[in-house]
Amino acid sequence: MRIAKSLARDGEDGGQHRDRLPGAVYDLALRLGANPEMNRPSVYLEQSGRMKPLGATSWMSFTAKQTISTHTCEFDWRARTGPLGAISARDALTEGEGRFDVMALGLIPISRAEHSSALMRGELMRYLAELPWAPDAILLNTALRWREDGSGGLAVSAGSGATAAEVTLSLDADGRIAGAFAPDRPRSATTPILPTPWRGRFSDYRHHDTMWLPFAGEVAWEINGKETLYWQGRLEYWEARTDCARGEAGRGRSRWTRSGKGRLAT
């Protein structure tokens with residue numbers, strides 16, 4: 001494995017994180033651009049791509065906005081799809097509760113997942129798998145538990161009891177996160193829960209705003225031994241936030257130029 005040399009930082013915050021985390025995890029965070037001397041509580045990103053709900057025969061294009069906390073296991077993903085974006089979906093883990101809602105025209109419920117430990121586990125797994133889009137969380141989120149899995153990867157877990165969740169992260173030749181895998185992510189939030197192998201892949205890493213970020217990702221279930229892709233997306237915008245004063249999902253903020261801090265250069 002060709003791993004880039006990490007840049008040691010000797011500040012008080014850096015020493016605290018270095019003492020708390022396994023060395024391989026601390027080095028990973030630095031390689032991805034996390035800075036122990038900065039306190040950026042969240043990231044905001046925008047995506048475009050396509051997704052295929054289980055049982056569907058065709059792909060649907062989508063656009064989405066998402067916030068990811070770097071201090072706690074929380075995220076809020078809001079997407080639009082269908083004709084003229086008439087269908088909205090919200091997949092979130094906020095204030096210790098998971099949620100997944102699909103609405104038509106913003107008013108008519110199409111589906112709504114019931115609160116359950118299975119839903120919470122599934123949302124925790126999503127948060128853990130998406131750490132490549134929030135590298136600061138590797139350093140700052142003290143709710144994460146880390147261990148080396150013995151095959152060159154890293155296992156990260158969170159939650160406890162019925163909501164305990166773990167994801168294994170695999171690294172590419174440059175020491176960046178290439179994949180995420182869980183053998184038992186709940187495929188349903190209600191009985192039957194159907195624990196199912198689930199994996200994500202990250203690619204097209206580019207250097208943006210001091211971070212190494214994957215511009216592309218995809219997610220799949222493994223059902224009856226066959227991999228079934230159901231989500232493919234690309235980053236269109238990414239911004240590390242130094243405060244939480246901005247509006248929800250970027251509402252009310254000014255946009256950066258295409259080659260600037262937020263809008264991703266191509």
# chains A, B, ... in the order shown; residues from 1 in each chain; ligands from 1

$ residues_around --residues "Thr191 in chain A" --least-positions-apart "6" --cutoff "12 Å" --atoms "only C-alpha atoms" --output "VMD selection string"
chain A and resid 113 to 114 116 to 119

$ select_by_dssp --residues "range 124-224 of chain A" --states "strand (DSSP E)" --output "ChimeraX atom specification"
/A:145-148,154-158,165-171,177-186,195-208,211-223

$ write_last_selection --atoms "C-alpha atoms" --output "compact mmCIF listing (two decimals), in the first residue's frame"
# COMPACT_ATOMS: atom_id res chain seq x y z
CA ARG A 145 -15.02 3.80 18.37
CA TRP A 146 -12.14 2.64 16.18
CA ARG A 147 -10.08 -0.51 15.74
CA GLU A 148 -7.83 -1.98 13.08
CA LEU A 154 -10.34 0.15 9.86
CA ALA A 155 -13.56 -0.69 11.70
CA VAL A 156 -15.59 2.19 13.12
CA SER A 157 -18.62 1.79 15.37
CA ALA A 158 -21.15 3.85 17.31
CA ALA A 165 -23.61 -0.27 14.47
CA GLU A 166 -20.25 -1.00 12.87
CA VAL A 167 -18.83 -0.37 9.39
CA THR A 168 -15.48 -1.52 8.01
CA LEU A 169 -13.60 1.01 5.89
CA SER A 170 -11.15 -0.20 3.25
CA LEU A 171 -8.32 1.98 1.96
CA ILE A 177 -11.15 5.49 2.01
CA ALA A 178 -12.22 3.43 -1.00
CA GLY A 179 -15.05 1.40 0.46
CA ALA A 180 -17.39 0.86 3.39
CA PHE A 181 -18.98 -2.46 4.31
CA ALA A 182 -21.46 -3.76 6.87
CA PRO A 183 -22.53 -7.42 6.83
CA ASP A 184 -25.89 -6.79 8.48
CA ARG A 185 -27.43 -3.42 7.70
CA PRO A 186 -31.23 -3.59 8.23
CA PRO A 195 -30.11 -7.82 7.97
CA THR A 196 -28.30 -7.68 4.64
CA PRO A 197 -24.70 -7.18 3.46
CA TRP A 198 -24.35 -3.55 2.37
CA ARG A 199 -21.45 -1.69 0.81
CA GLY A 200 -20.44 1.69 -0.52
CA ARG A 201 -17.59 2.66 -2.84
CA PHE A 202 -15.81 5.99 -3.20
CA SER A 203 -13.72 7.13 -6.17
CA ASP A 204 -12.42 10.11 -8.13
CA TYR A 205 -10.60 11.72 -5.19
CA ARG A 206 -9.67 15.37 -5.73
CA HIS A 207 -8.05 18.01 -3.56
CA HIS A 208 -10.61 20.64 -2.56
CA MET A 211 -9.40 18.25 1.89
CA TRP A 212 -9.09 15.10 -0.20
CA LEU A 213 -12.70 14.26 -1.10
CA PRO A 214 -14.23 11.53 -3.27
CA PHE A 215 -16.25 13.19 -6.02
CA ALA A 216 -18.11 9.95 -6.81
CA GLY A 217 -19.82 7.27 -4.76
CA GLU A 218 -22.19 4.32 -5.12
CA VAL A 219 -24.09 2.06 -2.73
CA ALA A 220 -25.33 -1.52 -3.11
CA TRP A 221 -27.07 -4.33 -1.27
CA GLU A 222 -25.93 -7.93 -1.62
CA ILE A 223 -29.10 -9.97 -2.00

$ select_by_dssp --residues "range 73-204 of chain A" --states "helix (DSSP H, G or I)" --output "VMD selection string"
chain A and resid 83 to 85 117 to 129 131 to 133 136 to 140 161 to 163

$ atom_distance --atom1 "CA of Leu107 in chain A" --atom2 "CA of Glu123 in chain A"
23.8 Å

$ closest_atom_pairs --of "range 203-240 of chain A" --to "range 58-65 of chain A" --cutoff "10 Å" --atoms "only C-alpha atoms" --output "Markdown table"
| residue | atom | partner | partner_atom | distance |
| --- | --- | --- | --- | --- |
| A:Tyr230 | CA | A:Trp59 | CA | 8.2 |
| A:Trp231 | CA | A:Trp59 | CA | 8.9 |
| A:Gln232 | CA | A:Ser61 | CA | 9.6 |
| A:Gly233 | CA | A:Phe62 | CA | 8.7 |
| A:Arg234 | CA | A:Thr63 | CA | 9.7 |
| A:Leu235 | CA | A:Ala64 | CA | 9.6 |
| A:Glu236 | CA | A:Thr63 | CA | 9.5 |
| A:Tyr237 | CA | A:Lys65 | CA | 9.1 |
| A:Trp238 | CA | A:Lys65 | CA | 9.9 |

$ atom_distance --atom1 "CA of Asp27 in chain A" --atom2 "CA of Gly175 in chain A"
9.2 Å

$ atom_distance --atom1 "CA of Leu21 in chain A" --atom2 "CA of Leu45 in chain A"
26.6 Å

$ closest_residue --among "A:Pro109, A:Pro41, A:Gly153, A:Gly159" --to "Asp172 in chain A" --atoms "only C-alpha atoms"
A:Gly153

$ closest_atom_pairs --of "range 63-182 of chain A" --to "range 46-49 of chain A" --cutoff "12 Å" --atoms "only C-alpha atoms" --output "Markdown table"
| residue | atom | partner | partner_atom | distance |
| --- | --- | --- | --- | --- |
| A:Thr63 | CA | A:Ser48 | CA | 4.4 |
| A:Ala64 | CA | A:Gln47 | CA | 5.1 |
| A:Lys65 | CA | A:Glu46 | CA | 4.5 |
| A:Gln66 | CA | A:Glu46 | CA | 6.3 |
| A:Thr67 | CA | A:Glu46 | CA | 9.0 |
| A:Ile68 | CA | A:Glu46 | CA | 11.5 |
| A:Asp76 | CA | A:Glu46 | CA | 11.7 |
| A:Trp77 | CA | A:Glu46 | CA | 9.4 |
| A:Arg78 | CA | A:Glu46 | CA | 9.6 |
| A:Ala79 | CA | A:Gln47 | CA | 8.8 |
| A:Arg80 | CA | A:Ser48 | CA | 9.8 |
| A:Thr81 | CA | A:Gly49 | CA | 10.0 |
| A:Trp133 | CA | A:Glu46 | CA | 11.0 |

$ write_last_selection --atoms "N, CA and C atoms" --output "short mmCIF file (atom, residue, chain, number, x, y, z; two decimals), in the first residue's frame"
data_model
loop_
_atom_site.label_atom_id
_atom_site.label_comp_id
_atom_site.auth_asym_id
_atom_site.auth_seq_id
_atom_site.Cartn_x
_atom_site.Cartn_y
_atom_site.Cartn_z
N THR A 63 -31.43 15.28 -7.20
CA THR A 63 -30.49 16.27 -6.66
C THR A 63 -30.71 16.28 -5.16
N ALA A 64 -29.66 16.57 -4.40
CA ALA A 64 -29.79 16.49 -2.95
C ALA A 64 -28.90 17.51 -2.27
N LYS A 65 -29.31 17.89 -1.05
CA LYS A 65 -28.53 18.74 -0.16
C LYS A 65 -28.39 18.00 1.17
N GLN A 66 -27.21 18.10 1.77
CA GLN A 66 -26.97 17.34 2.99
C GLN A 66 -26.06 18.11 3.93
N THR A 67 -26.35 18.00 5.22
CA THR A 67 -25.43 18.45 6.26
C THR A 67 -24.98 17.23 7.05
N ILE A 68 -23.70 17.23 7.45
CA ILE A 68 -23.12 16.15 8.25
C ILE A 68 -22.41 16.78 9.43
N ASP A 76 -28.39 15.09 7.77
CA ASP A 76 -29.73 15.40 7.25
C ASP A 76 -29.60 15.52 5.73
N TRP A 77 -30.15 14.53 5.02
CA TRP A 77 -30.08 14.44 3.55
C TRP A 77 -31.46 14.68 2.98
N ARG A 78 -31.59 15.66 2.10
CA ARG A 78 -32.89 16.00 1.50
C ARG A 78 -32.74 16.00 -0.01
N ALA A 79 -33.55 15.18 -0.66
CA ALA A 79 -33.43 15.00 -2.11
C ALA A 79 -34.74 15.28 -2.80
N ARG A 80 -34.62 15.60 -4.09
CA ARG A 80 -35.78 15.77 -4.96
C ARG A 80 -35.60 14.92 -6.20
N THR A 81 -36.68 14.30 -6.62
CA THR A 81 -36.66 13.45 -7.79
C THR A 81 -38.03 13.49 -8.46
N TRP A 133 -16.76 12.07 3.35
CA TRP A 133 -17.26 13.40 3.01
C TRP A 133 -17.22 14.35 4.21
#

$ closest_residue --among "A:Gly98, A:Pro132, A:Gly85, A:Gly15" --to "Ala29 in chain A" --atoms "only C-alpha atoms"
A:Pro132

$ decode --residues "range 178-220 of chain A" --atoms "C-alpha atoms" --output "PDB file, in the first residue's frame"
ATOM      1  CA  ALA A 178     -12.218   3.432  -0.998  1.00  0.00           C
ATOM      2  CA  GLY A 179     -15.047   1.398   0.459  1.00  0.00           C
ATOM      3  CA  ALA A 180     -17.394   0.861   3.389  1.00  0.00           C
ATOM      4  CA  PHE A 181     -18.982  -2.461   4.308  1.00  0.00           C
ATOM      5  CA  ALA A 182     -21.462  -3.758   6.870  1.00  0.00           C
ATOM      6  CA  PRO A 183     -22.532  -7.417   6.831  1.00  0.00           C
ATOM      7  CA  ASP A 184     -25.893  -6.793   8.484  1.00  0.00           C
ATOM      8  CA  ARG A 185     -27.435  -3.418   7.701  1.00  0.00           C
ATOM      9  CA  PRO A 186     -31.228  -3.593   8.228  1.00  0.00           C
ATOM     10  CA  ARG A 187     -32.934  -3.582   4.831  1.00  0.00           C
ATOM     11  CA  SER A 188     -36.242  -2.818   6.520  1.00  0.00           C
ATOM     12  CA  ALA A 189     -37.024  -0.699   9.576  1.00  0.00           C
ATOM     13  CA  THR A 190     -39.907  -3.000  10.548  1.00  0.00           C
ATOM     14  CA  THR A 191     -40.323  -6.773  10.902  1.00  0.00           C
ATOM     15  CA  PRO A 192     -38.936  -8.634   9.040  1.00  0.00           C
ATOM     16  CA  ILE A 193     -35.800  -6.502   9.488  1.00  0.00           C
ATOM     17  CA  LEU A 194     -33.731  -8.495   6.952  1.00  0.00           C
ATOM     18  CA  PRO A 195     -30.114  -7.819   7.975  1.00  0.00           C
ATOM     19  CA  THR A 196     -28.305  -7.679   4.636  1.00  0.00           C
ATOM     20  CA  PRO A 197     -24.702  -7.178   3.455  1.00  0.00           C
ATOM     21  CA  TRP A 198     -24.349  -3.550   2.367  1.00  0.00           C
ATOM     22  CA  ARG A 199     -21.453  -1.691   0.815  1.00  0.00           C
ATOM     23  CA  GLY A 200     -20.438   1.691  -0.518  1.00  0.00           C
ATOM     24  CA  ARG A 201     -17.594   2.657  -2.839  1.00  0.00           C
ATOM     25  CA  PHE A 202     -15.807   5.995  -3.203  1.00  0.00           C
ATOM     26  CA  SER A 203     -13.723   7.135  -6.168  1.00  0.00           C
ATOM     27  CA  ASP A 204     -12.418  10.106  -8.129  1.00  0.00           C
ATOM     28  CA  TYR A 205     -10.601  11.720  -5.194  1.00  0.00           C
ATOM     29  CA  ARG A 206      -9.673  15.373  -5.728  1.00  0.00           C
ATOM     30  CA  HIS A 207      -8.052  18.007  -3.557  1.00  0.00           C
ATOM     31  CA  HIS A 208     -10.610  20.641  -2.561  1.00  0.00           C
ATOM     32  CA  ASP A 209     -10.452  23.312   0.162  1.00  0.00           C
ATOM     33  CA  THR A 210      -7.519  21.577   1.946  1.00  0.00           C
ATOM     34  CA  MET A 211      -9.401  18.247   1.894  1.00  0.00           C
ATOM     35  CA  TRP A 212      -9.089  15.105  -0.202  1.00  0.00           C
ATOM     36  CA  LEU A 213     -12.700  14.264  -1.105  1.00  0.00           C
ATOM     37  CA  PRO A 214     -14.230  11.535  -3.271  1.00  0.00           C
ATOM     38  CA  PHE A 215     -16.248  13.187  -6.024  1.00  0.00           C
ATOM     39  CA  ALA A 216     -18.112   9.946  -6.811  1.00  0.00           C
ATOM     40  CA  GLY A 217     -19.817   7.267  -4.764  1.00  0.00           C
ATOM     41  CA  GLU A 218     -22.185   4.324  -5.124  1.00  0.00           C
ATOM     42  CA  VAL A 219     -24.092   2.060  -2.729  1.00  0.00           C
ATOM     43  CA  ALA A 220     -25.334  -1.516  -3.112  1.00  0.00           C
TER      44      ALA A 220
END
